[in-house]
Structure formats: structure tokens, C-alpha cells
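Here is query21.cif, consisting of mmCIF, C-alpha atoms and all ligand atoms:
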data_model
loop_
_atom_site.label_atom_id
_atom_site.label_comp_id
_atom_site.auth_asym_id
_atom_site.auth_seq_id
_atom_site.Cartn_x
_atom_site.Cartn_y
_atom_site.Cartn_z
CA MET E 23 192.68 231.63 117.31
CA VAL E 24 193.02 235.21 118.49
CA GLN E 25 191.19 235.98 121.73
CA ILE E 26 189.06 239.13 121.59
CA LEU E 27 189.35 241.19 124.79
CA ASP E 28 185.67 241.99 125.16
CA GLY E 29 185.47 245.22 127.17
CA LYS E 30 181.69 245.39 126.94
CA LYS E 31 181.25 242.02 128.63
CA VAL E 32 183.74 242.76 131.41
CA ALA E 33 182.21 246.20 131.95
CA GLU E 34 178.68 244.75 132.23
CA ALA E 35 179.93 242.42 134.99
CA LEU E 36 181.60 245.33 136.77
CA TYR E 37 178.48 247.52 136.50
CA GLN E 38 176.54 244.66 138.07
CA GLU E 39 179.06 244.36 140.89
CA VAL E 40 178.85 248.10 141.62
CA ALA E 41 175.03 248.00 141.55
CA GLU E 42 174.98 245.07 144.00
CA ALA E 43 177.51 246.73 146.32
CA ILE E 44 175.38 249.91 146.44
CA ALA E 45 172.16 247.96 147.04
CA ARG E 46 173.76 245.90 149.85
CA GLN E 47 175.28 248.85 151.71
CA PRO E 48 173.10 250.32 154.47
CA ALA E 49 173.34 254.10 153.96
CA PRO E 50 171.19 257.21 154.45
CA ARG E 51 171.39 258.10 150.75
CA PRO E 52 172.79 256.69 147.49
CA PRO E 53 176.19 257.78 146.08
CA ALA E 54 176.17 261.11 144.26
CA LEU E 55 178.46 262.16 141.42
CA ALA E 56 178.72 265.78 140.21
CA VAL E 57 179.54 266.05 136.51
CA VAL E 58 180.94 269.39 135.37
CA LEU E 59 180.68 270.05 131.65
CA VAL E 60 182.08 273.25 130.18
CA GLY E 61 180.86 274.31 126.73
CA ALA E 62 179.23 272.19 124.06
CA ASN E 63 181.95 269.90 122.66
CA PRO E 64 179.82 267.18 120.98
CA ALA E 65 182.19 264.29 121.92
CA SER E 66 182.23 265.45 125.57
CA GLN E 67 178.43 265.74 125.57
CA THR E 68 178.14 262.15 124.34
CA TYR E 69 180.67 260.84 126.91
CA VAL E 70 178.94 262.68 129.75
CA ALA E 71 175.48 261.43 128.71
CA THR E 72 176.78 257.83 128.61
CA LYS E 73 178.41 258.18 132.03
CA GLU E 74 175.22 259.62 133.51
CA ARG E 75 173.10 256.82 132.04
CA ARG E 76 175.42 254.18 133.52
CA CYS E 77 175.34 255.97 136.90
CA GLN E 78 171.57 255.86 136.92
CA GLU E 79 171.53 252.15 136.03
CA VAL E 80 173.74 251.19 138.99
CA GLY E 81 172.05 253.47 141.54
CA ILE E 82 174.42 256.46 141.55
CA ARG E 83 172.70 259.85 141.51
CA SER E 84 174.42 262.13 139.00
CA VAL E 85 174.11 265.89 139.19
CA ARG E 86 175.04 267.86 136.09
CA LEU E 87 176.60 271.30 136.18
CA ASN E 88 176.64 272.86 132.69
CA LEU E 89 178.91 275.88 132.39
CA PRO E 90 179.11 278.11 129.32
CA GLU E 91 182.05 277.83 126.89
CA HIS E 92 183.36 281.27 127.90
CA VAL E 93 183.25 280.66 131.69
CA SER E 94 186.25 282.21 133.47
CA GLN E 95 188.87 280.19 135.32
CA GLU E 96 187.82 281.91 138.58
CA GLU E 97 184.15 281.00 138.12
CA LEU E 98 185.02 277.38 137.26
CA LEU E 99 187.27 277.09 140.32
CA ALA E 100 184.54 278.65 142.50
CA GLN E 101 182.08 275.99 141.30
CA VAL E 102 184.57 273.19 142.04
CA ILE E 103 185.24 274.62 145.52
CA ALA E 104 181.48 274.67 146.21
CA LEU E 105 181.19 271.00 145.15
CA ASN E 106 184.24 270.14 147.30
CA ALA E 107 182.37 271.50 150.32
CA ASP E 108 178.95 270.00 149.50
CA PRO E 109 178.31 267.06 151.89
CA GLY E 110 175.72 265.64 149.48
CA ILE E 111 178.33 265.08 146.74
CA ASP E 112 180.74 262.11 146.92
CA GLY E 113 182.58 262.39 143.62
CA ILE E 114 183.38 265.19 141.15
CA LEU E 115 184.10 264.65 137.49
CA VAL E 116 185.27 267.58 135.38
CA GLN E 117 184.93 266.47 131.77
CA LEU E 118 188.12 267.05 129.79
CA PRO E 119 189.28 268.58 127.53
CA LEU E 120 188.39 272.08 128.71
CA PRO E 121 188.19 275.04 126.29
CA SER E 122 191.71 276.35 125.55
CA HIS E 123 191.45 279.48 127.75
CA LEU E 124 191.05 277.30 130.87
CA SER E 125 193.75 275.44 132.83
CA ALA E 126 192.80 271.81 133.49
CA ASP E 127 195.83 271.47 135.80
CA GLN E 128 194.55 274.26 138.07
CA VAL E 129 191.08 272.70 138.18
CA ILE E 130 192.47 269.27 139.05
CA ASP E 131 194.74 270.75 141.74
CA CYS E 132 191.69 272.45 143.25
CA LEU E 133 189.62 269.23 143.57
CA ASN E 134 189.11 267.73 147.00
CA PRO E 135 191.31 264.58 146.65
CA ALA E 136 188.66 262.56 148.54
CA LYS E 137 186.16 263.39 145.74
CA ASP E 138 188.59 263.08 142.82
CA VAL E 139 186.98 260.01 141.24
CA ASP E 140 189.01 260.45 138.04
CA GLY E 141 192.15 259.92 140.14
CA LEU E 142 193.99 262.82 138.50
CA HIS E 143 194.78 264.99 141.57
CA PRO E 144 198.51 265.06 142.44
CA LEU E 145 197.80 263.43 145.84
CA ASN E 146 196.04 260.47 144.20
CA MET E 147 198.76 260.21 141.52
CA GLY E 148 201.39 260.26 144.28
CA LYS E 149 199.59 257.53 146.21
CA LEU E 150 199.40 255.42 143.06
CA LEU E 151 203.13 255.85 142.48
CA LEU E 152 203.92 254.99 146.11
CA GLY E 153 201.72 251.89 145.99
CA HIS E 154 199.25 253.24 148.58
CA THR E 155 195.77 251.85 148.03
CA ASP E 156 193.68 254.49 149.84
CA GLY E 157 193.59 256.93 146.88
CA PHE E 158 191.83 256.66 143.52
CA VAL E 159 193.32 254.99 140.45
CA PRO E 160 192.62 256.83 137.16
CA CYS E 161 189.77 255.17 135.30
CA THR E 162 191.36 254.22 131.95
CA PRO E 163 194.53 252.60 133.40
CA GLN E 164 192.32 250.70 135.87
CA GLY E 165 190.16 249.63 132.92
CA VAL E 166 193.16 248.28 131.01
CA VAL E 167 194.21 246.15 133.98
CA TRP E 168 190.67 244.82 134.53
CA LEU E 169 190.36 244.01 130.83
CA LEU E 170 193.55 241.91 130.91
CA GLU E 171 193.04 240.27 134.31
CA ARG E 172 189.42 239.34 133.68
CA HIS E 173 190.42 237.57 130.48
CA GLY E 174 192.88 235.49 132.47
CA ILE E 175 195.97 237.18 131.07
CA VAL E 176 198.90 236.87 133.47
CA LEU E 177 200.67 240.18 134.17
CA ARG E 178 203.19 239.13 136.83
CA GLY E 179 206.73 239.28 135.46
CA ARG E 180 205.57 239.92 131.87
CA ARG E 181 207.28 242.45 129.59
CA ILE E 182 204.70 245.18 128.98
CA VAL E 183 205.36 248.10 126.63
CA ILE E 184 203.10 251.16 126.89
CA VAL E 185 203.11 253.58 123.95
CA GLY E 186 202.21 257.03 125.34
CA ARG E 187 203.20 258.91 128.49
CA SER E 188 200.15 261.12 129.13
CA ASN E 189 199.08 261.95 132.68
CA ILE E 190 195.68 260.36 132.02
CA VAL E 191 196.77 257.02 130.54
CA GLY E 192 200.46 256.17 130.00
CA LYS E 193 202.09 257.38 133.22
CA PRO E 194 199.45 256.15 135.71
CA LEU E 195 199.17 252.84 133.83
CA ALA E 196 202.92 252.31 134.22
CA ALA E 197 202.64 253.00 137.97
CA LEU E 198 199.66 250.64 138.32
CA LEU E 199 201.34 247.79 136.44
CA LEU E 200 204.42 248.13 138.68
CA ARG E 201 202.33 247.80 141.84
CA ARG E 202 203.11 244.91 144.14
CA GLY E 203 200.51 242.26 143.38
CA ILE E 204 200.46 243.14 139.66
CA ASP E 205 204.24 242.99 139.27
CA ALA E 206 204.71 243.58 135.55
CA THR E 207 207.97 244.74 133.98
CA VAL E 208 207.14 248.01 132.27
CA THR E 209 208.68 250.12 129.50
CA VAL E 210 207.08 253.40 128.45
CA ALA E 211 207.58 254.72 124.90
CA HIS E 212 206.60 258.17 123.64
CA SER E 213 206.89 260.51 120.69
CA GLN E 214 210.67 260.93 121.18
CA THR E 215 211.40 257.20 121.47
CA ALA E 216 214.01 256.08 118.91
CA ASP E 217 213.06 252.98 116.89
CA LEU E 218 209.61 252.40 118.37
CA ALA E 219 209.13 249.24 116.32
CA ALA E 220 212.21 247.55 117.85
CA LEU E 221 210.72 248.17 121.30
CA THR E 222 207.15 247.12 120.50
CA ARG E 223 208.43 243.87 118.95
CA GLU E 224 209.94 242.99 122.36
CA ALA E 225 206.59 243.36 124.14
CA GLU E 226 204.68 240.35 125.40
CA ILE E 227 201.82 242.73 126.14
CA LEU E 228 201.54 246.01 124.21
CA VAL E 229 199.25 248.85 125.34
CA VAL E 230 198.87 251.66 122.84
CA ALA E 231 197.67 255.10 123.99
CA ALA E 232 199.35 257.46 121.52
CA GLY E 233 196.35 259.23 120.02
CA GLN E 234 197.58 258.40 116.48
CA PRO E 235 195.19 256.40 114.31
CA HIS E 236 196.69 253.09 113.12
CA LEU E 237 200.15 253.89 114.51
CA VAL E 238 200.84 250.22 115.27
CA ARG E 239 200.99 247.94 112.23
CA ALA E 240 201.63 244.21 111.89
CA GLU E 241 205.40 244.52 111.36
CA MET E 242 205.71 246.27 114.76
CA ILE E 243 204.62 243.29 116.86
CA SER E 244 205.85 239.73 117.40
CA GLN E 245 203.73 236.64 116.88
CA GLY E 246 201.56 235.93 119.95
CA THR E 247 201.57 239.43 121.48
CA VAL E 248 198.62 240.62 123.58
CA VAL E 249 197.54 244.06 122.28
CA VAL E 250 195.36 246.58 124.10
CA ASP E 251 194.28 249.57 122.02
CA VAL E 252 193.31 252.61 124.11
CA GLY E 253 193.03 255.03 121.18
CA ILE E 254 189.70 256.34 119.95
CA HIS E 255 189.33 258.23 116.68
CA ARG E 256 186.50 258.94 114.33
CA VAL E 257 187.82 258.33 110.82
CA GLN E 258 185.41 258.70 107.91
CA GLY E 259 182.48 258.35 110.28
CA ARG E 260 183.75 255.14 111.92
CA LEU E 261 185.40 254.64 115.31
CA THR E 262 188.91 253.25 115.13
CA GLY E 263 191.95 252.97 117.40
CA ASP E 264 195.72 253.48 117.52
CA VAL E 265 196.24 249.95 116.18
CA ASP E 266 195.71 248.83 112.59
CA TYR E 267 193.35 246.07 113.75
CA GLU E 268 192.96 244.27 110.41
CA SER E 269 196.66 243.63 109.94
CA VAL E 270 197.65 243.26 113.61
CA ALA E 271 194.90 240.94 114.93
CA PRO E 272 196.02 237.80 113.01
CA LYS E 273 199.46 237.99 114.70
CA CYS E 274 198.09 238.44 118.24
CA SER E 275 197.20 235.91 120.90
CA ALA E 276 194.66 238.48 122.16
CA ILE E 277 193.54 241.97 121.12
CA SER E 278 191.01 244.57 122.25
CA PRO E 279 188.70 246.02 119.59
CA VAL E 280 187.69 249.68 119.12
CA PRO E 281 184.91 250.29 119.96
CA GLY E 282 184.05 247.73 122.65
CA GLY E 283 187.49 247.37 124.25
CA VAL E 284 188.89 249.80 126.81
CA GLY E 285 186.13 252.44 126.43
CA PRO E 286 183.37 250.73 128.47
CA LEU E 287 185.89 249.90 131.21
CA THR E 288 186.83 253.54 131.67
CA ILE E 289 183.21 254.15 132.69
CA ALA E 290 183.32 251.11 134.98
CA GLY E 291 186.36 252.73 136.65
CA LEU E 292 184.39 255.90 137.27
CA LEU E 293 181.46 254.01 138.84
CA HIS E 294 183.84 251.95 140.98
CA ASN E 295 185.67 255.07 142.23
CA THR E 296 182.37 256.81 143.02
CA LEU E 297 181.33 253.77 145.05
CA LEU E 298 184.66 253.93 146.92
CA ALA E 299 184.31 257.70 147.59
CA TRP E 300 180.80 257.17 149.01
CA ARG E 301 181.80 254.20 151.16
CA ARG E 302 184.79 256.02 152.61
CA LYS E 303 182.47 258.76 153.88
CA LEU E 304 179.98 256.41 155.55
P1 LIG R 401 197.83 262.40 124.67
O1 LIG R 401 197.82 263.07 123.35
O2 LIG R 401 197.74 263.22 125.92
O3 LIG R 401 199.19 261.56 124.79
C1 LIG R 401 199.67 260.80 123.73
C2 LIG R 401 201.00 260.19 124.09
O4 LIG R 401 201.45 259.38 122.99
C3 LIG R 401 202.08 261.21 124.34
O5 LIG R 401 202.78 260.86 125.52
C4 LIG R 401 203.01 261.11 123.13
O6 LIG R 401 204.38 261.27 123.49
C5 LIG R 401 202.76 259.70 122.64
N1 LIG R 401 202.89 259.61 121.19
C6 LIG R 401 202.27 260.37 120.25
N2 LIG R 401 202.67 260.01 119.01
C7 LIG R 401 203.55 259.00 119.17
C8 LIG R 401 204.32 258.23 118.26
N3 LIG R 401 204.25 258.44 116.93
N4 LIG R 401 205.13 257.28 118.77
C9 LIG R 401 205.20 257.08 120.09
N5 LIG R 401 204.50 257.77 120.99
C10 LIG R 401 203.69 258.74 120.54
O7 LIG R 401 196.72 261.29 124.61
P2 LIG R 401 195.91 260.48 125.77
O8 LIG R 401 195.02 261.40 126.50
O9 LIG R 401 196.85 259.62 126.55
O10 LIG R 401 195.02 259.56 124.84
C11 LIG R 401 195.58 258.63 123.94
C12 LIG R 401 194.47 258.03 123.09
O11 LIG R 401 193.61 257.29 123.93
C13 LIG R 401 193.59 259.05 122.37
O12 LIG R 401 193.19 258.49 121.13
C14 LIG R 401 192.40 259.19 123.28
O13 LIG R 401 191.22 259.56 122.58
C15 LIG R 401 192.29 257.78 123.81
N6 LIG R 401 191.67 257.66 125.13
C16 LIG R 401 190.72 256.70 125.26
C17 LIG R 401 190.12 256.49 126.49
C18 LIG R 401 189.11 255.40 126.62
O14 LIG R 401 188.28 255.46 127.49
N7 LIG R 401 189.18 254.37 125.80
C19 LIG R 401 190.45 257.29 127.59
C20 LIG R 401 191.45 258.25 127.44
C21 LIG R 401 192.06 258.42 126.19
#

Could you render the structure from this file as C-alpha cells?
Amino acid sequence: MVQILDGKKVAEALYQEVAEAIARQPAPRPPALAVVLVGANPASQTYVATKERRCQEVGIRSVRLNLPEHVSQEELLAQVIALNADPGIDGILVQLPLPSHLSADQVIDCLNPAKDVDGLHPLNMGKLLLGHTDGFVPCTPQGVVWLLERHGIVLRGRRIVIVGRSNIVGKPLAALLLRRGIDATVTVAHSQTADLAALTREAEILVVAAGQPHLVRAEMISQGTVVVDVGIHRVQGRLTGDVDYESVAPKCSAISPVPGGVGPLTIAGLLHNTLLAWRRKL
């Protein structure tokens, strides 16, 4: 029987843990997250609304800053600098992607690392790579690890293949899985990898974050593999992932669905990091 890696269930438990930690902590005010949304991308609007709803449920105050689609880089940076300096704000989330005339790298570089609850600032990335635990871990990689660990899947010493080397998912996930205490053996594949299928068939655990609908098919995995699908796509009105679930699931020992797999845990990562940012300031 294939085990379904139920991200919704794990996320609910994590939301509860964050809510309890906030309620238990004596503090002059609750945690506060600033959410910066540029333009009116419908997917971003939905993500931001979901994040804000979850914040409210666990006791995090979220403050929205809506900026117009045509905002200049200077104005956006000025807003981030103001939030950096605001003592009433613990965490800052700039919803990506930004419109094409804006540089996300410059915005991320400008964030106060102590408020960078997405964990994307170079200082936090560096800390992750060095194994320092006083930074922030990016939310989706953290979600993947929680999803596996909380289903009792052993990571220590296992051969894990990650498909995708983005700064948001693939690279930080590789660094996290290599951390002492997690101790996986990690290979990262990408768009230039020769014979991807030969590599994915060697994986005991396969994490796919390629942004290509149904890239991974049954013939690309070995019997008994654990598969985590990070991809999200809307195809003919339905959400689907980077893995061809119908054909792959029967060969797996465990698999995460889309939706209901990694997605809810990414939000749990954000709430957890906002809690950390707030606590570190107390
Ligand atoms: P990205 O486009 O920045 O990176 C994709 C990576 O996959 C690149 O490194 C590329 O080299 C690699 N790749 C592309 N095609 C490939 C192929 N044919 N073979 C091997 N490697 C290939 O994407 P991203 O931001 O990392 O996101 C990946 C997917 O995960 C997207 O579908 C995105 O929507 C989704 N995502 C989901 C969550 C979530 O919360 N569940 C969070 C972030 C991203």
C-alpha cells in the first residue's frame, strides 16, 4: 500500500503548535508580519490571502502593503527599508514573482536579515549552507523536510535526488538535507543533467521541483521510492504537479499529492519563521 504524504494534516498540527507557542509566550504584543504585494497577479493574490488567513488563525497580525504594478524599483526598495526600520514589524514577506521591470534579487538583498522570514537573503542562505541555526530556513525546503520527517520517513544516510536547482527550492533544500542531524546523501539534477531518468531511478527519496508538469513518469523511478512533488500547475482548470501521479503512485512506498502535499507546509514554514523572528526580538 502506498503511503500518502498528507501535507494538510501535518500543516494543521504545525499551525496548532505555532498558535500555542504564541499564546504561551508573555509579550507586549503579538507577532506582526508585513506582506508586500506588487500588482494584481491573481495567483499571488490568492497565495497572499491564504497566508494572511492562516496568520490570523494562529495569532499573527498581518499588515498588507499593496503596491501598483508599475511601482519603481526605488519606491519598492524605499518601502522595504521603512519596514526594516519599523519596530512593530517582525517579519517581511515580499510576494514573488515581481513584475518583470523589478529586480527581486535587489529587493531580497535589501531586506533586514532578521526580518527575512522567507529565508532568501544571502546572509540566511549562507547560514543555512554553513549549518548555522540562528538564521531562517526557506519555507518550501523546510516544508519538504517536515512532510517527510512527520510521516516517519528516515532521512539519515538515504540517497535523495532533488530535481531542480532554484534558489527558492532546490539549492536550499540540498543544503538543509546535508545538515548535521538530517544527514542525507544528496544529488541535485537540473535542466542540463544528462540522462535524468538514470539518476532518478537511483533515488531512495525523490523530490521534484522542476516547474514542468508531469516531468516524472513511472519508468523514471524504482519500485518503493518515496516521491515528494513540489510542483504546482493549473492544467485544464485542475491543480497538478511535476509528477505524473496516476502512473507513479503505484510504484512508490510513499508520495505527496498535489494539491495537499508540500503547499500547506510552505505556509507553515512562514508562520514558524515569523514566530522565530518575533521571539528573537523579545
Ligand atoms: P524554477 O523555474 O525557478 O526552477 C526550476 C528548476 O528545475 C531549475 O533549476 C531547472 O534547471 C530545473 N528543471 C527545469 N526543467 C527540467 C528538466 N526537464 N529536467 C531537469 N531539471 C529541470 O522553479 P521553482 O521556483 O524552484 O519552482 C518549481 C516548481 O515548484 C514550480 O512548479 C513552482 O510553482 C512550485 N513551487 C511550489 C511551492 C509550494 O509551496 N508547493 C513553492 C515554490 C515553488

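Among the candidate residues E:Pro281, E:Pro160, E:Gly186, E:Gly153, the one lying nearest to E:Gly203 is E:Gly153, with distances computed using all atoms listed in the file.
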
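Between E:Val185 and the candidates E:His212, E:Arg172, E:Arg202, E:His154, the tightest atom-to-atom separation, counting all atoms listed in the file, involves E:His212.
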
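Our summary of the geometry notes that atom CA of E:Gln38 is positioned 15.6 Å from atom CA of E:Leu169.
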
Two-atom distance - atom N7 of ligand LIG 401 (chain R), atom CA of E:Leu142 (Å):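 About the pair atom N7 of ligand LIG 401 (chain R) and atom CA of E:Leu142: they are 16.0 Å apart.
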
Shell around stretch 48-57 of chain E at 6 Å using only C-alpha atoms, local window under 5 positions removed, as a PyMOL selection string: chain E and resi 82-86+111-115+300

Nearest-residue call for ligand LIG 401 (chain R), choices E:Leu133, E:Val166, E:Val24, E:Leu36, using all atoms listed in the file: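 Of E:Leu133, E:Val166, E:Val24, E:Leu36, the one nearest ligand LIG 401 (chain R), counting all atoms listed in the file, is E:Val166.
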
Given only C-alpha atoms as the counted atoms, nearest of E:Ala45, E:Leu118, E:Ile26, E:Ala35 to E:Ala62: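 Among E:Ala45, E:Leu118, E:Ile26, E:Ala35, it is E:Leu118 that comes nearest to E:Ala62.
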
d(atom O3 of ligand LIG 401 (chain R), atom CA of E:Gln117) in Å: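 Straight-line distance from atom O3 of ligand LIG 401 (chain R) to atom CA of E:Gln117 works out to 16.6 Å.
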
Counting all atoms listed in the file, which residues in chain E sit no more than 8 Å from ligand LIG 401 (chain R)? For each one, give the nearest pair of atoms and the distance in Å, sorted by chain then residue number, as a tab-separated table.
residue	atom	partner	partner_atom	distance
E:Cys161	CA	R:LIG401	O14	8.0
E:Thr162	CA	R:LIG401	C19	5.4
E:Val185	CA	R:LIG401	N5	5.3
E:Gly186	CA	R:LIG401	O4	3.4
E:Arg187	CA	R:LIG401	O5	3.6
E:Ser188	CA	R:LIG401	O9	4.4
E:Asn189	CA	R:LIG401	O9	6.9
E:Ile190	CA	R:LIG401	O9	5.6
E:Val191	CA	R:LIG401	O9	4.8
E:Gly192	CA	R:LIG401	O9	6.1
E:Ala211	CA	R:LIG401	N5	5.8
E:His212	CA	R:LIG401	N5	3.4
E:Ser213	CA	R:LIG401	N5	3.6
E:Gln214	CA	R:LIG401	O6	6.7
E:Thr215	CA	R:LIG401	C9	6.4
E:Leu218	CA	R:LIG401	N4	6.6
E:Val230	CA	R:LIG401	C12	7.7
E:Ala231	CA	R:LIG401	C11	4.1
E:Ala232	CA	R:LIG401	O4	3.2
E:Gly233	CA	R:LIG401	O12	3.4
E:Gln234	CA	R:LIG401	N2	5.9
E:Pro235	CA	R:LIG401	O12	7.4
E:Leu237	CA	R:LIG401	N3	6.6
E:Asp251	CA	R:LIG401	N7	8.0
E:Val252	CA	R:LIG401	O11	4.7
E:Gly253	CA	R:LIG401	O12	3.5
E:Ile254	CA	R:LIG401	O12	4.3
E:His255	CA	R:LIG401	O12	5.9
E:Gly263	CA	R:LIG401	O12	6.8
E:Asp264	CA	R:LIG401	O12	6.7
E:Gly283	CA	R:LIG401	N7	7.4
E:Val284	CA	R:LIG401	N7	4.7
E:Gly285	CA	R:LIG401	N7	3.7
E:Pro286	CA	R:LIG401	O14	6.9
E:Leu287	CA	R:LIG401	O14	7.1
E:Thr288	CA	R:LIG401	O14	4.8
E:Ile289	CA	R:LIG401	O14	7.4

Which of E:Val257, E:Ala240, E:Val176, E:Ala41 sits closest to E:Glu226 [using only C-alpha atoms]: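 Of E:Val257, E:Ala240, E:Val176, E:Ala41, the one nearest E:Glu226 is E:Val176, counting only C-alpha atoms.
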
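Nearest residue to E:Ala276 among E:Lys73, E:His173, E:Lys149, E:Lys137 is E:His173, counting only C-alpha atoms.
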
Excluding stretch 301-303 of chain E and any residue of its chain fewer than 4 positions from it, enumerate the residues within 10 Å of it, using all atoms listed in the file, and give them as a short mmCIF file (atom, residue, chain, number, x, y, z; two decimals) with C-alpha atoms, in the coordinates of the input.
data_model
loop_
_atom_site.label_atom_id
_atom_site.label_comp_id
_atom_site.auth_asym_id
_atom_site.auth_seq_id
_atom_site.Cartn_x
_atom_site.Cartn_y
_atom_site.Cartn_z
CA ALA E 43 177.51 246.73 146.32
CA ILE E 44 175.38 249.91 146.44
CA GLN E 47 175.28 248.85 151.71
CA ALA E 49 173.34 254.10 153.96
CA PRO E 53 176.19 257.78 146.08
CA PRO E 109 178.31 267.06 151.89
CA ASP E 112 180.74 262.11 146.92
CA ALA E 136 188.66 262.56 148.54
CA ASP E 156 193.68 254.49 149.84
CA ASN E 295 185.67 255.07 142.23
CA THR E 296 182.37 256.81 143.02
CA LEU E 297 181.33 253.77 145.05
#
